Each structure stands twice: as structure tokens, then as C-alpha cells.
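J.: Structure file structure-v1.pdb, PDB, C-alpha atoms, is pasted below:
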ATOM      1  CA  MET A   1       0.000   0.000   0.000
ATOM      2  CA  LYS A   2       1.524   3.307  -1.105
ATOM      3  CA  VAL A   3       0.610   6.693   0.303
ATOM      4  CA  LEU A   4       1.917  10.037  -0.921
ATOM      5  CA  VAL A   5       3.191  12.307   1.845
ATOM      6  CA  THR A   6       3.716  15.849   0.571
ATOM      7  CA  GLY A   7       6.161  17.878   2.626
ATOM      8  CA  GLY A   8       7.330  14.548   4.003
ATOM      9  CA  LEU A   9      10.784  15.772   5.028
ATOM     10  CA  GLY A  10       9.336  18.618   7.083
ATOM     11  CA  PHE A  11       8.740  18.634  10.821
ATOM     12  CA  ILE A  12       5.354  16.902  11.043
ATOM     13  CA  GLY A  13       5.712  15.098   7.721
ATOM     14  CA  SER A  14       8.920  13.282   8.674
ATOM     15  CA  HIS A  15       7.455  12.050  11.960
ATOM     16  CA  THR A  16       4.357  10.840  10.108
ATOM     17  CA  VAL A  17       6.494   8.969   7.560
ATOM     18  CA  VAL A  18       8.118   7.100  10.468
ATOM     19  CA  GLU A  19       4.733   6.168  11.952
ATOM     20  CA  LEU A  20       3.431   5.007   8.543
ATOM     21  CA  GLN A  21       6.442   2.756   8.115
ATOM     22  CA  ASN A  22       5.935   1.420  11.639
ATOM     23  CA  VAL A  23       2.484   0.074  10.670
ATOM     24  CA  GLY A  24       3.566  -1.308   7.288
ATOM     25  CA  ILE A  25       2.287   1.449   4.995
ATOM     26  CA  GLU A  26       4.765   2.527   2.305
ATOM     27  CA  PRO A  27       5.153   6.314   2.100
ATOM     28  CA  VAL A  28       6.247   8.095  -1.061
ATOM     29  CA  ILE A  29       7.633  11.509  -0.161
ATOM     30  CA  ILE A  30       7.420  14.697  -2.196
ATOM     31  CA  ASP A  31       9.282  17.737  -0.869
ATOM     32  CA  ASN A  32      10.803  20.794  -2.544
ATOM     33  CA  LEU A  33      13.300  21.251   0.336
ATOM     34  CA  SER A  34      12.312  24.911   0.759
ATOM     35  CA  ASN A  35      12.065  24.510   4.530
ATOM     36  CA  SER A  36      13.600  21.092   5.085
ATOM     37  CA  SER A  37      16.798  19.136   4.450
ATOM     38  CA  ILE A  38      17.599  16.058   2.367
ATOM     39  CA  GLU A  39      19.497  14.754   5.420
ATOM     40  CA  VAL A  40      16.122  14.009   7.026
ATOM     41  CA  LEU A  41      15.730  11.104   4.593
ATOM     42  CA  ASP A  42      18.735   9.345   6.133
ATOM     43  CA  ARG A  43      17.543  10.193   9.626
ATOM     44  CA  ILE A  44      14.181   8.538   8.924
ATOM     45  CA  THR A  45      16.067   5.499   7.625
ATOM     46  CA  ASN A  46      18.152   5.403  10.806
ATOM     47  CA  ILE A  47      14.951   5.147  12.867
ATOM     48  CA  THR A  48      12.997   2.617  10.820
ATOM     49  CA  GLY A  49      15.671   0.747   8.884
ATOM     50  CA  LYS A  50      13.717   1.446   5.675
ATOM     51  CA  LYS A  51      14.546   4.240   3.235
ATOM     52  CA  PRO A  52      11.328   5.775   1.887
ATOM     53  CA  LEU A  53      10.877   6.651  -1.759
ATOM     54  CA  PHE A  54      11.580  10.354  -2.278
ATOM     55  CA  GLU A  55      11.155  12.819  -5.120
ATOM     56  CA  GLN A  56      12.270  16.440  -4.983
ATOM     57  CA  LEU A  57       9.386  18.207  -6.651
ATOM     58  CA  ASP A  58       7.658  21.577  -6.427
ATOM     59  CA  LEU A  59       3.897  21.059  -6.215
ATOM     60  CA  ARG A  60       3.351  24.551  -7.639
ATOM     61  CA  GLU A  61       4.422  23.140 -11.014
ATOM     62  CA  LYS A  62       1.249  21.578 -12.405
ATOM     63  CA  GLY A  63       3.047  19.581 -15.079
ATOM     64  CA  ALA A  64       5.365  18.016 -12.504
ATOM     65  CA  VAL A  65       2.370  16.962 -10.387
ATOM     66  CA  GLN A  66       0.657  15.395 -13.414
ATOM     67  CA  ASP A  67       3.842  13.545 -14.341
ATOM     68  CA  PHE A  68       4.262  12.239 -10.800
ATOM     69  CA  PHE A  69       0.783  10.690 -10.740
ATOM     70  CA  LYS A  70       1.318   9.112 -14.161
ATOM     71  CA  ARG A  71       4.417   7.400 -12.812
ATOM     72  CA  HIS A  72       2.817   6.431  -9.464
ATOM     73  CA  GLN A  73      -0.611   5.138 -10.381
ATOM     74  CA  ASP A  74      -0.676   2.815  -7.352
ATOM     75  CA  ILE A  75      -0.928   5.713  -4.868
ATOM     76  CA  SER A  76      -4.011   4.952  -2.743
ATOM     77  CA  GLY A  77      -4.003   8.014  -0.530
ATOM     78  CA  VAL A  78      -2.421  11.401   0.130
ATOM     79  CA  ILE A  79      -1.404  13.059   3.384
ATOM     80  CA  HIS A  80      -0.914  16.694   2.436
ATOM     81  CA  PHE A  81       1.510  18.671   4.596
ATOM     82  CA  ALA A  82       3.314  20.754   1.972
ATOM     83  CA  ALA A  83       2.521  24.396   2.750
ATOM     84  CA  SER A  84       4.019  27.597   4.063
ATOM     85  CA  LYS A  85       3.060  27.890   7.711
ATOM     86  CA  ALA A  86       4.304  31.029   9.483
ATOM     87  CA  VAL A  87       1.580  33.455  10.588
ATOM     88  CA  GLY A  88       3.855  36.499  10.670
ATOM     89  CA  GLU A  89       5.435  35.793   7.298
ATOM     90  CA  SER A  90       1.994  35.325   5.742
ATOM     91  CA  VAL A  91       0.989  38.820   6.873
ATOM     92  CA  GLU A  92       4.129  40.239   5.230
ATOM     93  CA  ASN A  93       3.939  38.148   2.051
ATOM     94  CA  PRO A  94       0.332  37.041   1.462
ATOM     95  CA  LEU A  95       0.687  36.169  -2.239
ATOM     96  CA  LEU A  96       3.412  33.629  -1.455
ATOM     97  CA  TYR A  97       0.982  31.909   0.890
ATOM     98  CA  TYR A  98      -1.974  31.955  -1.493
ATOM     99  CA  GLU A  99       0.150  30.558  -4.311
ATOM    100  CA  ASN A 100       1.940  27.905  -2.278
ATOM    101  CA  ASN A 101      -0.930  26.729  -0.086
ATOM    102  CA  LEU A 102      -3.821  26.833  -2.557
ATOM    103  CA  ASN A 103      -2.396  26.104  -6.013
ATOM    104  CA  THR A 104      -0.624  22.991  -4.726
ATOM    105  CA  LEU A 105      -3.851  21.721  -3.158
ATOM    106  CA  VAL A 106      -5.820  22.270  -6.375
ATOM    107  CA  PHE A 107      -3.227  20.444  -8.500
ATOM    108  CA  LEU A 108      -3.265  17.434  -6.157
ATOM    109  CA  LEU A 109      -7.057  17.227  -6.079
ATOM    110  CA  GLN A 110      -7.246  17.490  -9.883
ATOM    111  CA  GLU A 111      -5.203  14.286 -10.099
ATOM    112  CA  LEU A 112      -7.021  12.477  -7.291
ATOM    113  CA  GLN A 113     -10.502  13.157  -8.649
ATOM    114  CA  GLN A 114      -9.596  11.101 -11.719
ATOM    115  CA  LYS A 115      -9.179   7.986  -9.586
ATOM    116  CA  PRO A 116     -12.051   5.547  -8.898
ATOM    117  CA  LYS A 117     -11.465   6.157  -5.185
ATOM    118  CA  ALA A 118      -9.038   8.383  -3.328
ATOM    119  CA  HIS A 119      -8.266   9.092   0.324
ATOM    120  CA  PHE A 120      -7.055  12.529   1.406
ATOM    121  CA  ILE A 121      -5.776  13.690   4.798
ATOM    122  CA  PHE A 122      -5.480  17.472   5.019
ATOM    123  CA  SER A 123      -3.094  19.223   7.341
ATOM    124  CA  SER A 124      -5.417  21.936   8.610
ATOM    125  CA  SER A 125      -5.057  24.164  11.637
ATOM    126  CA  CYS A 126      -6.801  25.637  14.635
ATOM    127  CA  THR A 127      -6.228  28.995  12.918
ATOM    128  CA  VAL A 128      -9.441  28.290  10.962
ATOM    129  CA  TYR A 129     -11.348  29.183  14.135
ATOM    130  CA  GLY A 130      -9.809  32.663  14.289
ATOM    131  CA  GLN A 131     -10.262  33.926  17.848
ATOM    132  CA  ALA A 132     -12.848  31.412  19.006
ATOM    133  CA  GLU A 133     -15.583  32.746  21.250
ATOM    134  CA  LYS A 134     -15.460  29.806  23.662
ATOM    135  CA  MET A 135     -12.722  27.579  25.139
ATOM    136  CA  PRO A 136     -11.957  24.762  24.722
ATOM    137  CA  ILE A 137     -12.661  24.792  20.987
ATOM    138  CA  THR A 138     -14.889  22.076  19.545
ATOM    139  CA  GLU A 139     -15.175  21.106  15.869
ATOM    140  CA  ASP A 140     -18.608  22.734  15.866
ATOM    141  CA  ALA A 141     -17.191  26.152  16.746
ATOM    142  CA  SER A 142     -18.039  28.776  14.168
ATOM    143  CA  ILE A 143     -15.334  29.639  11.658
ATOM    144  CA  GLN A 144     -14.359  33.212  12.470
ATOM    145  CA  PRO A 145     -12.710  35.592  10.002
ATOM    146  CA  ALA A 146      -9.099  34.524   9.623
ATOM    147  CA  MET A 147      -6.554  36.602  11.518
ATOM    148  CA  SER A 148      -3.828  36.023   8.912
ATOM    149  CA  PRO A 149      -3.396  34.994   5.270
ATOM    150  CA  TYR A 150      -2.008  31.676   6.556
ATOM    151  CA  GLY A 151      -5.203  31.010   8.500
ATOM    152  CA  ASN A 152      -7.231  32.073   5.489
ATOM    153  CA  THR A 153      -5.450  29.532   3.247
ATOM    154  CA  LYS A 154      -6.440  26.782   5.677
ATOM    155  CA  GLN A 155     -10.072  27.944   5.694
ATOM    156  CA  ILE A 156     -10.158  28.143   1.900
ATOM    157  CA  GLY A 157      -8.335  24.814   1.623
ATOM    158  CA  GLU A 158     -11.022  23.103   3.695
ATOM    159  CA  GLU A 159     -13.722  24.685   1.503
ATOM    160  CA  ILE A 160     -12.004  23.511  -1.703
ATOM    161  CA  ILE A 161     -11.717  19.926  -0.422
ATOM    162  CA  THR A 162     -15.355  19.918   0.714
ATOM    163  CA  ASP A 163     -16.582  21.183  -2.662
ATOM    164  CA  VAL A 164     -14.508  18.662  -4.625
ATOM    165  CA  ALA A 165     -15.543  15.724  -2.416
ATOM    166  CA  LYS A 166     -19.209  16.412  -3.234
ATOM    167  CA  VAL A 167     -18.649  15.715  -6.924
ATOM    168  CA  SER A 168     -15.867  13.104  -6.860
ATOM    169  CA  ASN A 169     -14.788   9.832  -5.267
ATOM    170  CA  ILE A 170     -12.477  11.608  -2.853
ATOM    171  CA  ASN A 171     -13.003  10.947   0.857
ATOM    172  CA  ALA A 172     -11.182  13.312   3.177
ATOM    173  CA  ILE A 173     -10.365  13.914   6.819
ATOM    174  CA  LEU A 174      -9.486  17.453   7.872
ATOM    175  CA  LEU A 175      -7.154  17.455  10.862
ATOM    176  CA  ARG A 176      -7.187  20.789  12.671
ATOM    177  CA  TYR A 177      -4.173  20.781  14.887
ATOM    178  CA  PHE A 178      -3.005  23.106  17.489
ATOM    179  CA  ASN A 179       0.710  23.738  18.214
ATOM    180  CA  PRO A 180       3.048  20.837  17.381
ATOM    181  CA  ILE A 181       6.295  20.721  19.349
ATOM    182  CA  GLY A 182       8.938  18.200  20.421
ATOM    183  CA  ALA A 183      11.009  15.654  18.553
ATOM    184  CA  HIS A 184      11.296  11.925  17.996
ATOM    185  CA  PRO A 185      12.563  10.074  21.118
ATOM    186  CA  THR A 186      15.648   8.947  19.160
ATOM    187  CA  ALA A 187      16.508  12.629  18.543
ATOM    188  CA  GLU A 188      17.078  11.666  14.900
ATOM    189  CA  ILE A 189      14.357  14.019  13.624
ATOM    190  CA  GLY A 190      12.816  17.178  15.049
ATOM    191  CA  GLU A 191      11.982  20.768  14.210
ATOM    192  CA  LEU A 192      14.828  22.494  12.379
ATOM    193  CA  PRO A 193      13.584  25.687  10.739
ATOM    194  CA  ILE A 194      15.725  27.363   8.123
ATOM    195  CA  GLY A 195      16.703  30.846   9.291
ATOM    196  CA  VAL A 196      15.134  32.554  12.301
ATOM    197  CA  PRO A 197      12.466  30.312  13.901
ATOM    198  CA  GLN A 198       8.886  31.506  13.497
ATOM    199  CA  ASN A 199       7.559  29.147  16.179
ATOM    200  CA  LEU A 200       8.011  29.466  19.928
ATOM    201  CA  VAL A 201       9.678  26.207  20.925
ATOM    202  CA  PRO A 202      12.579  26.102  18.420
ATOM    203  CA  PHE A 203      13.276  29.741  19.342
ATOM    204  CA  ILE A 204      13.311  28.685  23.003
ATOM    205  CA  THR A 205      15.680  25.754  22.432
ATOM    206  CA  GLN A 206      17.990  27.821  20.222
ATOM    207  CA  THR A 207      18.064  30.539  22.870
ATOM    208  CA  GLY A 208      18.697  27.930  25.573
ATOM    209  CA  PHE A 209      21.653  26.650  23.555
ATOM    210  CA  GLY A 210      23.021  30.173  23.094
ATOM    211  CA  LEU A 211      22.348  30.508  19.374
ATOM    212  CA  ARG A 212      19.931  33.379  20.030
ATOM    213  CA  LYS A 213      20.621  36.239  22.430
ATOM    214  CA  GLU A 214      17.148  36.228  23.926
ATOM    215  CA  LEU A 215      13.587  35.149  23.285
ATOM    216  CA  ALA A 216      11.034  37.758  22.259
ATOM    217  CA  VAL A 217       7.684  37.327  24.035
ATOM    218  CA  TYR A 218       5.066  38.992  21.854
ATOM    219  CA  GLY A 219       2.779  40.855  24.233
ATOM    220  CA  ASP A 220       2.104  40.616  27.969
ATOM    221  CA  ASP A 221      -1.187  42.537  27.894
ATOM    222  CA  TYR A 222      -3.513  39.780  26.670
ATOM    223  CA  PRO A 223      -6.600  39.068  28.820
ATOM    224  CA  THR A 224      -5.025  35.886  30.242
ATOM    225  CA  PRO A 225      -3.848  35.044  33.790
ATOM    226  CA  ASP A 226      -0.235  36.161  33.152
ATOM    227  CA  GLY A 227      -0.885  38.449  30.164
ATOM    228  CA  THR A 228       0.787  36.208  27.573
ATOM    229  CA  ALA A 229      -0.951  34.300  24.780
ATOM    230  CA  ILE A 230      -2.240  30.778  25.446
ATOM    231  CA  ARG A 231      -1.834  27.813  23.071
ATOM    232  CA  ASP A 232      -2.316  24.044  23.121
ATOM    233  CA  TYR A 233       1.098  22.392  22.625
ATOM    234  CA  ILE A 234       0.972  18.819  21.293
ATOM    235  CA  HIS A 235       3.894  16.419  20.892
ATOM    236  CA  VAL A 236       4.666  15.855  17.208
ATOM    237  CA  VAL A 237       4.771  12.051  17.610
ATOM    238  CA  ASP A 238       1.260  12.077  19.081
ATOM    239  CA  LEU A 239       0.213  14.209  16.124
ATOM    240  CA  ALA A 240       1.893  11.913  13.601
ATOM    241  CA  LYS A 241       0.117   8.876  15.025
ATOM    242  CA  ALA A 242      -3.229  10.642  14.602
ATOM    243  CA  HIS A 243      -2.559  10.988  10.860
ATOM    244  CA  VAL A 244      -1.971   7.244  10.579
ATOM    245  CA  VAL A 245      -5.162   6.476  12.510
ATOM    246  CA  ALA A 246      -7.125   8.881  10.279
ATOM    247  CA  LEU A 247      -5.707   7.338   7.111
ATOM    248  CA  GLN A 248      -6.538   3.822   8.307
ATOM    249  CA  ARG A 249     -10.085   4.989   9.027
ATOM    250  CA  LEU A 250     -10.481   5.968   5.362
ATOM    251  CA  LEU A 251      -8.717   2.885   3.992
ATOM    252  CA  GLU A 252     -11.001   0.640   6.055
ATOM    253  CA  ASN A 253     -14.130   2.584   4.997
ATOM    254  CA  LYS A 254     -14.970   3.475   8.600
ATOM    255  CA  ASN A 255     -15.635   7.134   7.863
ATOM    256  CA  LEU A 256     -19.249   8.155   8.405
ATOM    257  CA  ALA A 257     -19.178  10.979   5.863
ATOM    258  CA  LYS A 258     -17.157  11.975   2.810
ATOM    259  CA  ILE A 259     -15.616  14.784   4.844
ATOM    260  CA  GLU A 260     -14.792  14.414   8.541
ATOM    261  CA  THR A 261     -13.103  16.956  10.797
ATOM    262  CA  PHE A 262     -11.123  16.402  13.989
ATOM    263  CA  ASN A 263      -9.274  18.678  16.421
ATOM    264  CA  LEU A 264      -5.844  17.417  17.459
ATOM    265  CA  GLY A 265      -4.449  18.847  20.668
ATOM    266  CA  THR A 266      -3.967  17.996  24.317
ATOM    267  CA  GLY A 267      -7.003  19.857  25.623
ATOM    268  CA  THR A 268      -4.775  21.986  27.857
ATOM    269  CA  GLY A 269      -3.789  25.590  27.224
ATOM    270  CA  SER A 270      -0.372  26.891  28.291
ATOM    271  CA  SER A 271       0.781  30.510  28.248
ATOM    272  CA  VAL A 272       4.093  31.590  26.756
ATOM    273  CA  LEU A 273       5.487  32.247  30.236
ATOM    274  CA  GLU A 274       4.332  28.807  31.397
ATOM    275  CA  VAL A 275       6.168  27.228  28.462
ATOM    276  CA  ILE A 276       9.326  29.168  29.358
ATOM    277  CA  THR A 277       9.084  28.014  32.990
ATOM    278  CA  ALA A 278       8.546  24.383  31.920
ATOM    279  CA  PHE A 279      11.559  24.546  29.597
ATOM    280  CA  GLU A 280      13.758  25.978  32.342
ATOM    281  CA  LYS A 281      12.695  23.086  34.575
ATOM    282  CA  VAL A 282      13.477  20.281  32.108
ATOM    283  CA  SER A 283      16.668  21.836  30.726
ATOM    284  CA  GLY A 284      18.174  23.371  33.842
ATOM    285  CA  GLN A 285      18.810  26.482  31.712
ATOM    286  CA  LYS A 286      17.825  30.015  32.661
ATOM    287  CA  LEU A 287      16.166  31.460  29.573
ATOM    288  CA  PRO A 288      16.779  35.144  28.746
ATOM    289  CA  TYR A 289      13.689  36.810  27.291
ATOM    290  CA  LYS A 290      12.179  40.237  26.805
ATOM    291  CA  ILE A 291       8.603  41.405  26.391
ATOM    292  CA  VAL A 292       7.912  43.123  23.066
ATOM    293  CA  GLY A 293       4.749  44.326  21.347
ATOM    294  CA  ARG A 294       2.061  41.995  20.078
ATOM    295  CA  ARG A 295       2.594  40.356  16.689
ATOM    296  CA  GLU A 296       0.030  41.012  13.980
ATOM    297  CA  GLY A 297      -2.092  37.959  13.240
ATOM    298  CA  ASP A 298      -1.742  36.437  16.726
ATOM    299  CA  ILE A 299      -4.814  35.596  18.796
ATOM    300  CA  THR A 300      -5.265  35.604  22.567
ATOM    301  CA  SER A 301      -6.056  31.974  23.274
ATOM    302  CA  ALA A 302      -6.616  28.637  21.533
ATOM    303  CA  TYR A 303      -6.846  25.170  23.044
ATOM    304  CA  ALA A 304      -8.742  22.125  21.896
ATOM    305  CA  ASN A 305     -11.683  20.084  22.977
ATOM    306  CA  THR A 306     -10.424  16.672  21.813
ATOM    307  CA  ASP A 307     -13.462  14.556  22.755
ATOM    308  CA  LYS A 308     -14.337  13.780  19.136
ATOM    309  CA  ALA A 309     -10.830  12.572  18.220
ATOM    310  CA  ASN A 310     -10.647  10.585  21.464
ATOM    311  CA  GLU A 311     -13.999   8.867  20.981
ATOM    312  CA  VAL A 312     -14.366   8.534  17.190
ATOM    313  CA  LEU A 313     -10.740   8.006  16.145
ATOM    314  CA  GLY A 314      -9.754   6.281  19.374
ATOM    315  CA  TRP A 315      -6.726   8.587  19.542
ATOM    316  CA  ASN A 316      -5.314  10.400  22.569
ATOM    317  CA  ALA A 317      -2.347  12.703  23.080
ATOM    318  CA  LYS A 318       0.052  10.971  25.467
ATOM    319  CA  SER A 319       2.911  13.384  26.158
ATOM    320  CA  THR A 320       2.906  16.204  28.702
ATOM    321  CA  LEU A 321       4.226  19.693  27.981
ATOM    322  CA  GLU A 322       7.405  18.950  29.940
ATOM    323  CA  GLU A 323       7.988  15.667  28.082
ATOM    324  CA  SER A 324       7.511  17.428  24.753
ATOM    325  CA  LEU A 325       9.928  20.206  25.693
ATOM    326  CA  ALA A 326      12.483  17.699  26.992
ATOM    327  CA  SER A 327      12.450  15.898  23.635
ATOM    328  CA  ALA A 328      12.860  19.215  21.785
ATOM    329  CA  TRP A 329      15.818  20.111  23.999
ATOM    330  CA  LYS A 330      17.429  16.674  23.459
ATOM    331  CA  TRP A 331      17.066  17.186  19.698
ATOM    332  CA  GLU A 332      18.534  20.712  19.832
ATOM    333  CA  GLN A 333      21.572  19.487  21.751
ATOM    334  CA  LYS A 334      22.149  16.564  19.393
ATOM    335  CA  ILE A 335      22.075  18.591  16.180
ATOM    336  CA  ARG A 336      24.533  21.125  17.649
ATOM    337  CA  GLU A 337      27.108  18.488  18.605
TER     338      GLU A 337
END
Do you think you could lay out the structure here as C-alpha cells?
T.:
Amino acid sequence: MKVLVTGGLGFIGSHTVVELQNVGIEPVIIDNLSNSSIEVLDRITNITGKKPLFEQLDLREKGAVQDFFKRHQDISGVIHFAASKAVGESVENPLLYYENNLNTLVFLLQELQQKPKAHFIFSSSCTVYGQAEKMPITEDASIQPAMSPYGNTKQIGEEIITDVAKVSNINAILLRYFNPIGAHPTAEIGELPIGVPQNLVPFITQTGFGLRKELAVYGDDYPTPDGTAIRDYIHVVDLAKAHVVALQRLLENKNLAKIETFNLGTGTGSSVLEVITAFEKVSGQKLPYKIVGRREGDITSAYANTDKANEVLGWNAKSTLEESLASAWKWEQKIRE
């Protein structure tokens, strides 16, 4: 059984490739290496003992996508990670995000809708909820206006998939996840952004290691207990396993509708200052940070109600915040050796 994993050398994609291999599903990876490294392929092999098929390909090139599917007609499903994902960058460069996140999705679906049956797992995001009116956020929460072009591409992406599924043999699961952090327990793969990190935890670990002078905390005037923004931080391995469970649900025809949606998080919200404190505890490092102004596109609070994923998928997040941060710190230390 072959499954295409787009963006499969990225942070979440690489961990999902490992989990697919662990259950006997053969992943075929597409990645353009714009925010990942070819070295990840060997690191995956070190973990599983099996080197996945890989093609360096830019999904924005329609002809290349068509050619790929002609050569790989035995692909039975797609897990679609390939996308630009930084909120701040999307505010500064919206057209990059609309091109990269929407055109690639359209080109993939155009190929899949030609198949007698196709299974599609979409890497969506809690950003589709905007600033939700009620916590924790359920899948039934209303979709608020997006706070950033990135969030808007996820909203539009879900709409595109839903529209296409109505008139094709595509079945899809939309996975709205919260904030992935951590690294594989082997410390072979983890989050390694190119350039300055856009996400909190790699900036924390790089600062802890001395690569960054100090961490910038964006805003301490939010209406939260300590004034800093609250997010739901989920271990990337827990997240990867949810993708495998979702794919198996489609492959085994257990889905109850052509489109299903699930939140993936821990159900617990942690503030930026709480994350800093937890990191200092697991690392033994004092973390230098300074409070700066809010960042455009950021919301006050977002954490998941995960009852649906727990009950319907039979999936639960296992790792605590401290365990997730400890794995991220182990990874940071190993790659700097």
C-alpha cells in the first residue's frame, strides 16, 4: 500500500512517515526542500531501517504533479503537509501563501478526482477558528474571520476539499491541529527551521543553547492570567500517530461521511510564560527573554476540545508539555554536537 506524503521531510511530515512505516504502509515523499533538508531522509532510515521513496518536486508546477501521478498510479491516498506555515510571514507576504498553499492543493485534487477512489488527509489548523468565542474549541465552533493569510489559506483549503468531495470519489479527513512541538525520542528528527524560527519552541531551544541572544515574548497585555498568549502544545509524535489512525479509518471505509473533521491537541492551554518556565525546569537552563509588542495575526487563546478525536478516532495525546519540551531540547543538543 503506497501513500503520498507531501512535505514529508518537514517537521510533522517526517514524523508521520516514520509512523506510517511502523504500521507497514509505504510512504512516497514529495518535498521541494524549501524549509527542510535532504538529510532528514537518512535520519528517517536510521529510525525505521527502511529508506522511503523520495522525489524532490515543487507542487506549484502543475506539469510536474501530473507527471508524478502518471508514474505512481498505485498511490491509494495522500497526506498533504506541503505548505508555508508562518503566521507572521503570511501577513508580510500574502501572495506567497496563497500561491503555495492553494495552487498545490488544487493540483493534487485534480489528479485524485480522476481515480475511482481516493483518500485525502489534510493538514489543517486551529487557525481556521480565528479567535474562538469559547474555550476549549470544539469542531462545531463557528469559523471566524481569519486573523492572517495563513489562516485564510487553511479555511479556503477546507472549503475547496469539501466542494470537490461532493462531486468526486475523494473521501477526506481534515485534521485541525493546534501547536506541534517536540522531537522523535531517538533525537534523529525534530523541528529544524531554516533561518530565524517563526515558532516558539525552536526559538526557546535555540536561545537555551546560546544561538539566540534572547527570546522575544510577543505581548504581555492579553486578557489571560499572566498576560501572555495561550496555546495548546501537542507532541509531534502524538500528532503523527493521529494521521496514521485517520488514514486507516479511510482505507477501512470506517468514515461516516465523505468529509470528517477532527481537532488534534492535548485539551490543555499553556501561556508563553508557562512554556518558558517548563523549559527551564526540564533543561536546567535560565532562559533570557524580553517582552515586546504583540505580533500582527496572533490571537489571545486557543486550546482544543479533543473529545471527538478521542472517541471517534480512538486517539489520545500521550505526552505532557514537559515531556515534549524535553524531547525538543534533546534534539537541539544533538544537532549542535
J.: The PyMOL selection byres ((chain A and resi 50) around 10) on the file shown: which residues, as a list in words?
T.: Val18, Gln21, Asn22, Glu26, Leu41, Asp42, Ile44, Thr45, Asn46, Ile47, Thr48, Gly49, Lys51, Pro52 and Leu53 of chain A
J.: Give me, as CSV, each residue of range 266-302 of chain A that comes within 12 Å of range 168-177 of chain A, together with its shortest interatomic pair and the distance in Å at one decimal, counting all atoms listed in the file, with rows ordered by chain and rising residue number.
T.:
residue,atom,partner,partner_atom,distance
A:Thr266,CA,A:Tyr177,CA,9.8
A:Gly267,CA,A:Tyr177,CA,11.1
A:Ala302,CA,A:Tyr177,CA,10.6
J.: Which residues are near Leu105 in chain A? Cut-off 9 Å, all atoms listed in the file, ignore same chain within fewer than 5 positions. Put them as a list of chain:residue names.
T.: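 The residues satisfying every condition are A:Leu59, A:Arg60, A:His80, A:Ala82, A:Asn100, A:Gln110, A:Gly157, A:Ile160, A:Ile161.
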J.: Compile the contact shell of Glu322 in chain A as a PyMOL selection string: residues with an atom at most 10 Å away, counting all atoms listed in the file, same-chain residues fewer than 6 positions apart removed.
T.: chain A and resi 182+275+277-283+328
J.: Measuring between only C-alpha atoms, which one of A:Phe107, A:Tyr129, A:Tyr222, A:Phe262 shows the shortest distance to Glu311 in chain A?
T.: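 Looking only at the distances to Glu311 in chain A, the closest residue turns out to be A:Phe262.
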J.: Using all atoms listed in the file and a cutoff of 6 Å, can you tell me which residues are near (3.2, 30.6, 3.1) in the file's coordinates, and write them out as a PyMOL selection string?
T.: chain A and resi 84-85+90+96-97
J.: Which residue, A:Ala141, A:Ile299, A:Thr205, A:Ser270, has the smallest gap to Tyr218 in chain A when you use all atoms listed in the file?
T.: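 When distances to Tyr218 in chain A are compared using all atoms listed in the file, the smallest one comes from A:Ile299.
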J.: Please evaluate the PyMOL selection byres ((chain A and resi 28) around 8) against the structure above and give the resulting residues as number ranges by chain.
T.: A: 2-5, 26-27, 29-30, 52-55
J.: Quote the spacing between CA of Pro94 in chain A and CA of Pro149 in chain A in Å to one decimal place.
T.: 5.7 Å
J.: For Lys334 in chain A, which residue among A:Glu260, A:Asp232, A:Asp226, A:Glu188 is the nearest when counting all atoms listed in the file?
T.: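 Closest to Lys334 in chain A of all the choices is A:Glu188.
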J.: State, in Å with one decimal place, the distance from CA of Ala257 in chain A to CA of Asp163 in chain A.
T.: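 So the answer is 13.5 Å.
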J.: Run the PyMOL selection byres ((chain A and resi 291) around 10) on the file and write out the hits as a compact mmCIF listing (two decimals) with C-alpha atoms, in the coordinates of the input.
T.:
# COMPACT_ATOMS: atom_id res chain seq x y z
CA LEU A 215 13.59 35.15 23.28
CA ALA A 216 11.03 37.76 22.26
CA VAL A 217 7.68 37.33 24.04
CA TYR A 218 5.07 38.99 21.85
CA GLY A 219 2.78 40.85 24.23
CA ASP A 220 2.10 40.62 27.97
CA ASP A 221 -1.19 42.54 27.89
CA THR A 228 0.79 36.21 27.57
CA TYR A 289 13.69 36.81 27.29
CA LYS A 290 12.18 40.24 26.80
CA VAL A 292 7.91 43.12 23.07
CA GLY A 293 4.75 44.33 21.35
CA ARG A 294 2.06 42.00 20.08
J.: Could you check which of A:Leu251, A:Leu325, A:Ile234, A:Ile156 is closest to Thr306 in chain A, using all atoms listed in the file?
T.: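 For Thr306 in chain A, the nearest of the candidates is A:Ile234.
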J.: Put a box with edges along x, y and z around all the listed atoms of range 65-76 of chain A, pad it by 3 Å on each side, then give me its centre and sizes in Å, one decimal, as lines of an AutoDock Vina configuration file.
T.:
center_x = 0.2
center_y = 9.9
center_z = -8.5
size_x = 14.4
size_y = 20.1
size_z = 17.6
J.: Generate the missing atoms of range 155-166 of chain A up to N, CA and C atoms and report them as a CSV table (one decimal), keeping the file's coordinate frame.
T.:
chain,number,residue,atom,x,y,z
A,155,GLN,N,-8.6,27.9,5.8
A,155,GLN,CA,-10.1,27.9,5.7
A,155,GLN,C,-10.5,27.7,4.3
A,156,ILE,N,-9.8,28.3,3.3
A,156,ILE,CA,-10.2,28.1,1.9
A,156,ILE,C,-9.8,26.7,1.5
A,157,GLY,N,-8.7,26.2,2.0
A,157,GLY,CA,-8.3,24.8,1.6
A,157,GLY,C,-9.4,23.8,2.0
A,158,GLU,N,-9.9,24.0,3.2
A,158,GLU,CA,-11.0,23.1,3.7
A,158,GLU,C,-12.2,23.2,2.8
A,159,GLU,N,-12.6,24.5,2.4
A,159,GLU,CA,-13.7,24.7,1.5
A,159,GLU,C,-13.5,24.0,0.1
A,160,ILE,N,-12.3,24.1,-0.4
A,160,ILE,CA,-12.0,23.5,-1.7
A,160,ILE,C,-12.2,22.0,-1.6
A,161,ILE,N,-11.6,21.4,-0.6
A,161,ILE,CA,-11.7,19.9,-0.4
A,161,ILE,C,-13.2,19.5,-0.3
A,162,THR,N,-13.9,20.2,0.5
A,162,THR,CA,-15.4,19.9,0.7
A,162,THR,C,-16.1,20.0,-0.6
A,163,ASP,N,-15.9,21.0,-1.4
A,163,ASP,CA,-16.6,21.2,-2.7
A,163,ASP,C,-16.2,20.1,-3.6
A,164,VAL,N,-14.9,19.7,-3.7
A,164,VAL,CA,-14.5,18.7,-4.6
A,164,VAL,C,-15.0,17.3,-4.2
A,165,ALA,N,-15.1,17.0,-2.9
A,165,ALA,CA,-15.5,15.7,-2.4
A,165,ALA,C,-17.0,15.5,-2.8
A,166,LYS,N,-17.8,16.5,-2.9
A,166,LYS,CA,-19.2,16.4,-3.2
A,166,LYS,C,-19.4,15.8,-4.6
